[in-house]
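Before any comments, here is the structure.
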Amino acid sequence: MRESEARSIIEKVLKLSGAEDTSAVITGSYKASTRFADNAITQNITTNNYSLKVSCAYGQKVGHATTNELIDGALQGVVKRAQDIARVVPPDPEHMPLLTSDEAEKYHQLEPYFEDTKKFSPSDKARIISAQAEKCQEKNIRLSGAFSNGSSFTSFGNSKGLMGCYKSTSFEMHVTCLTPTSSGWAEQIGEDISKAGFSSVVERAFNIAVKSENPHDFEPRKCTIIMHPAAVAELFTFLFWEGFDAKATDEERTFLRGKFGTKIGGENITIRSDPVDLRCPTISFQQDGLVAPTLKWIDNGVVQNLCYSRFWAKKKGKKPTGFPTNIIVDGGDTSVEEMIKTTDLGVLVTRFWYIRFVDPMVPSVTGMTRDGTFLIEDGKVTKAMKNMRFNENIVDVLNRVEVLSVPERTGEYIPVLAPTLKVRDFNFTSATDF
Amino acid sequence: MKELCLRALNIAKEKGVSFADIRIVKHHTQIVTTEDERVSGIQDSESMGFGVRVLLNGCWGFAASKNLFRKEIEAVTLKAVEIARASSLAKMGSGVVFAPEEPHEAIFRTPVLKDPFKVPIEEKVNLLLGVNKEMLRVRGVKKAHSFMWFKSEERHLANTDGSFIESNTCTSTAECIATAVDEHTAKTRYFEAIPVNAGYEHIEGTPLLKEAQRVGEEAVAHLTAKECPQGKKDLILHPSHLALTIHESIGHALELDRVLGMEESLAGSSFATIDKLGKLKYGSPIVNIVCDNTDPTRLASKGYDDDGVPGQRWYIIKNGILVDYQTGREVCHTIGTEQSRGSCRADSWQSIPIIRQSNIGLEPGEEPLTLEELIADTKDGIYIEGMGSFSIDQKRLNFQFGGDCFWEIKNGKKTCMLKDVTYQAITTDFWGSCDAICDKRFWQPYGVLNCGKGDPMQIAQMTHGSSPVRFRNINVGGAKL
């Protein structure tokens, strides 16, 4: 869908609505995903969808409706459903007046859209996967993973004249190599497929799998951990699952209650959002048209900002921030090799798996290591280890980070830029059988 | 609809496919959410489209579109064929072996007495705000949330077996959550109208208003509850808790696609490999686990799965031994069976069917046994209700689970509430320690709404049921920092 088409649909919606305030968001995506296991393609799909969300308000009474039919008759239907809801619900005291066209001046103009990324065909991917699968097969390695590419599109407009549009492309490849006793994993995520290097991703996963063969038992204990960016992203993302919500925090329902402006982590910890960081670009606006935040959430260990909705910001006399669209954990300049060399006894972790809160008020979490866990002794990686469970307080972890590497692109649920971290006294509590 | 479906299948057949199907699916979802005295959101969503899947020279191709008209169906079918040809560039051996299936012409409908989408919004809002009011009435409760969630699915499935299957399913649920806050922390407690395939009558039949005060009181009691002990304890698990334990440690472990390594890169694989079929001691002899996709009120029941296979009832664990898996037509031959168990589902028109958990339940005990009698027979234990923290390794062995509410059991009596209870075990040790199951009078089904699997991620729903159960000598408190 072109921007002009989306704008035309949104204008039709705004014209059709008889509500006092109306806003509309069109989101669309084309996705082509090729999945493979045991050195063969097992799933190969393409899909194309658009969705239109209409919000209508009469005073403080608000209704929302969504459809993926964008023809004229359907537009009337979705507007009517939103209006019908708005007419009968009680007023929402937290509903805010629509933002005006001035807000658009704050939107960035970055558009990480690469036509070649979108056009990369299932055959292109199949050829690349096939070549690597053959190499793995020759070495008795089982190759699994997914290679996807596509484009996405968001267009926003409201009856106060605010309009915004953002389109991007993306590719993602993640690979697991299996030996009879071990696994290794690697990934690459980006916007421009010309920068994709499938063979190097496979090579990284392959090397981890081979090095982690025949893993040893290790008595779970507190010890130094060196965790790669994917593990850091998985762990730190949990800080933002409501933790930084200003309203919940002011209502004393998050671990940050009473901690705004205080130092919760080491001085080497800065976590921020920046939609125009070219290593991790994201959309310029949020669902209500508010500009996406460019902020430091934690600055040198100090809680610098919380996430303020427009309503809560007004109530508290603060500037609205909305919620992060990407997470950037600032890094350092220590190489992973240097981290290993300076570790007497530690564990090197490729990534974590299935992290869940134990108590979000602490915030304590549990999870497992996965796809390449190694023992470090006297400055060297000495052997592969069986996977372990950990239980940790994430804020405590922020105080035990000794050194950081240059950050890398990762992130499963939200785009993340994260370094490898060396953390002391990481709390491993039990082990599994592989 | 049938004509559109036949058009896709005919084109696919002309291109030489060995199998093809088309699913035309419409979803309607309505979510009403409230916070304290306000309606925080009402979202009414519709999505419709179709997906065409083809098997050509032993390789899959799939394409989907929201534009349901003849020319688009033709184009999407050709696209699926083109993708299948691309898949053949990386083909394993002779390719996919797809089990044969009889043609079926059928219509399946969830029994619905009161269409939830026709119930006035005001009625739903009034109930939820009333529930919030009751929770907030409890001193110490500082926040009340509640929601209702309704989803209907209309599906037309046609395939080259000659099947034409129509299904209409409807799921209804509601939940309320009280948050109590004191000077140290915040704690929650929830109650739900268990997710089931039914209409609004299910919401009306659930005592949300009546339970709201208890929910609030238990949230407050949770604040000052005794810390979880550390060490070995007997556990008595209520069905509202055990549902997720079954889901994570049995349900996922016995999906045959992940057992075979097809999910390795994302959700992982399974310790319960096919060489262990018929031999693995999964649990104690009283552990009998049944899959049942024949009961229309359960969330995984839709008459026929998306492979066009009828819903079935079968044991996966019998007298503690692993005896079967959840299978689809692509993988059932790997365990020597000719027919799929009908466990393949897709979460939308734009997703490809994959093996999803069935409705899985632990059979009740044969001897009469109440929860009270089970507690009375336990000297040193913990009783757990509701779902909480859940984490398990990617082969489904080492897990650590929490819950929503916990009570200490001493010398046969519930003595006091506990907080932050977690237990950790290895799956087979845990199920091997099961020594008592309450009888069928206390068997209850619970629904899981957000089970994620696949890549791209698909979200599926299913039901797990049990009676209250006891497990002996389990490690607790390992999460304490």
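Residues are referred to by chain and number: the chain letter is A, B, ... according to the order shown in the structure tokens, the number counts from 1 in that chain, and ligands are numbered separately from 1 in the order shown.
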
Just need the residues of chain A within 6 Å of chain B, counting only C-alpha atoms, so spit them out as a list in words. Ala37, Ala40, Ile41, Asn44, Ile45, Thr46, Thr47, Asn48, His64, Ala65, Thr66, Thr67, Asn68, Asp92, Pro122, Ser123, Ala126, Ser130, Ser144, Gly145, Thr176, Arg253, Tyr354, Val358, Asn391 and Thr432 of chain A

Expected file contents, prior selection, C-alpha atoms, as a CSV table (one decimal), in the first residue's frame:
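Wrote it out as result_6.csv, contents follow:
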chain,number,residue,atom,x,y,z
A,37,ALA,CA,14.8,-28.2,10.4
A,40,ALA,CA,15.5,-29.2,5.0
A,41,ILE,CA,12.8,-26.6,4.5
A,44,ASN,CA,7.5,-21.7,3.6
A,45,ILE,CA,4.9,-19.0,3.7
A,46,THR,CA,4.0,-15.6,2.5
A,47,THR,CA,1.2,-13.4,3.8
A,48,ASN,CA,-0.1,-10.0,3.2
A,64,HIS,CA,-12.6,1.3,19.2
A,65,ALA,CA,-13.2,-1.1,16.3
A,66,THR,CA,-10.8,-2.9,13.9
A,67,THR,CA,-11.2,-4.5,10.5
A,68,ASN,CA,-9.0,-5.8,7.8
A,92,ASP,CA,-13.5,7.6,30.4
A,122,PRO,CA,11.4,-17.7,-1.3
A,123,SER,CA,13.7,-19.2,-4.1
A,126,ALA,CA,15.8,-21.6,-0.4
A,130,SER,CA,20.1,-25.3,0.8
A,144,SER,CA,17.3,-25.6,12.0
A,145,GLY,CA,16.0,-22.1,12.0
A,176,THR,CA,20.3,-23.5,15.6
A,253,ARG,CA,2.6,-1.2,42.0
A,354,TYR,CA,11.8,-18.9,29.0
A,358,VAL,CA,8.9,-14.7,40.0
A,391,ASN,CA,16.9,-16.9,39.8
A,432,THR,CA,19.1,-29.8,33.7

Counting only C-alpha atoms, what is within 6 Å of Glu191 (chain A), bar same-chain residues fewer than 4 positions away, as a PyMOL selection string? chain A and resi 169-171

Those same residues - C-alpha atoms - I'd like them written as a short mmCIF file (atom, residue, chain, number, x, y, z; two decimals), in the first residue's frame.
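For reference, selection.cif as written:
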data_model
loop_
_atom_site.label_atom_id
_atom_site.label_comp_id
_atom_site.auth_asym_id
_atom_site.auth_seq_id
_atom_site.Cartn_x
_atom_site.Cartn_y
_atom_site.Cartn_z
CA THR A 169 11.56 -3.42 5.77
CA SER A 170 13.16 -6.09 7.87
CA PHE A 171 14.92 -9.40 7.64
#

Determine the nearest neighbour of Lys13 (chain B) from the options B:Ser433, B:Thr160, B:Ser284, B:Ser94, counting only C-alpha atoms. B:Thr160

Give me, please, the distance in Å between CA of Pro239 (chain B) and CA of Lys281 (chain B), quoted to one decimal. 22.8 Å

Neighbours of region 10-26 of chain A within 6 Å (only C-alpha atoms; same-chain residues fewer than 5 positions away dropped), as a PyMOL selection string? chain A and resi 51-58+154-159
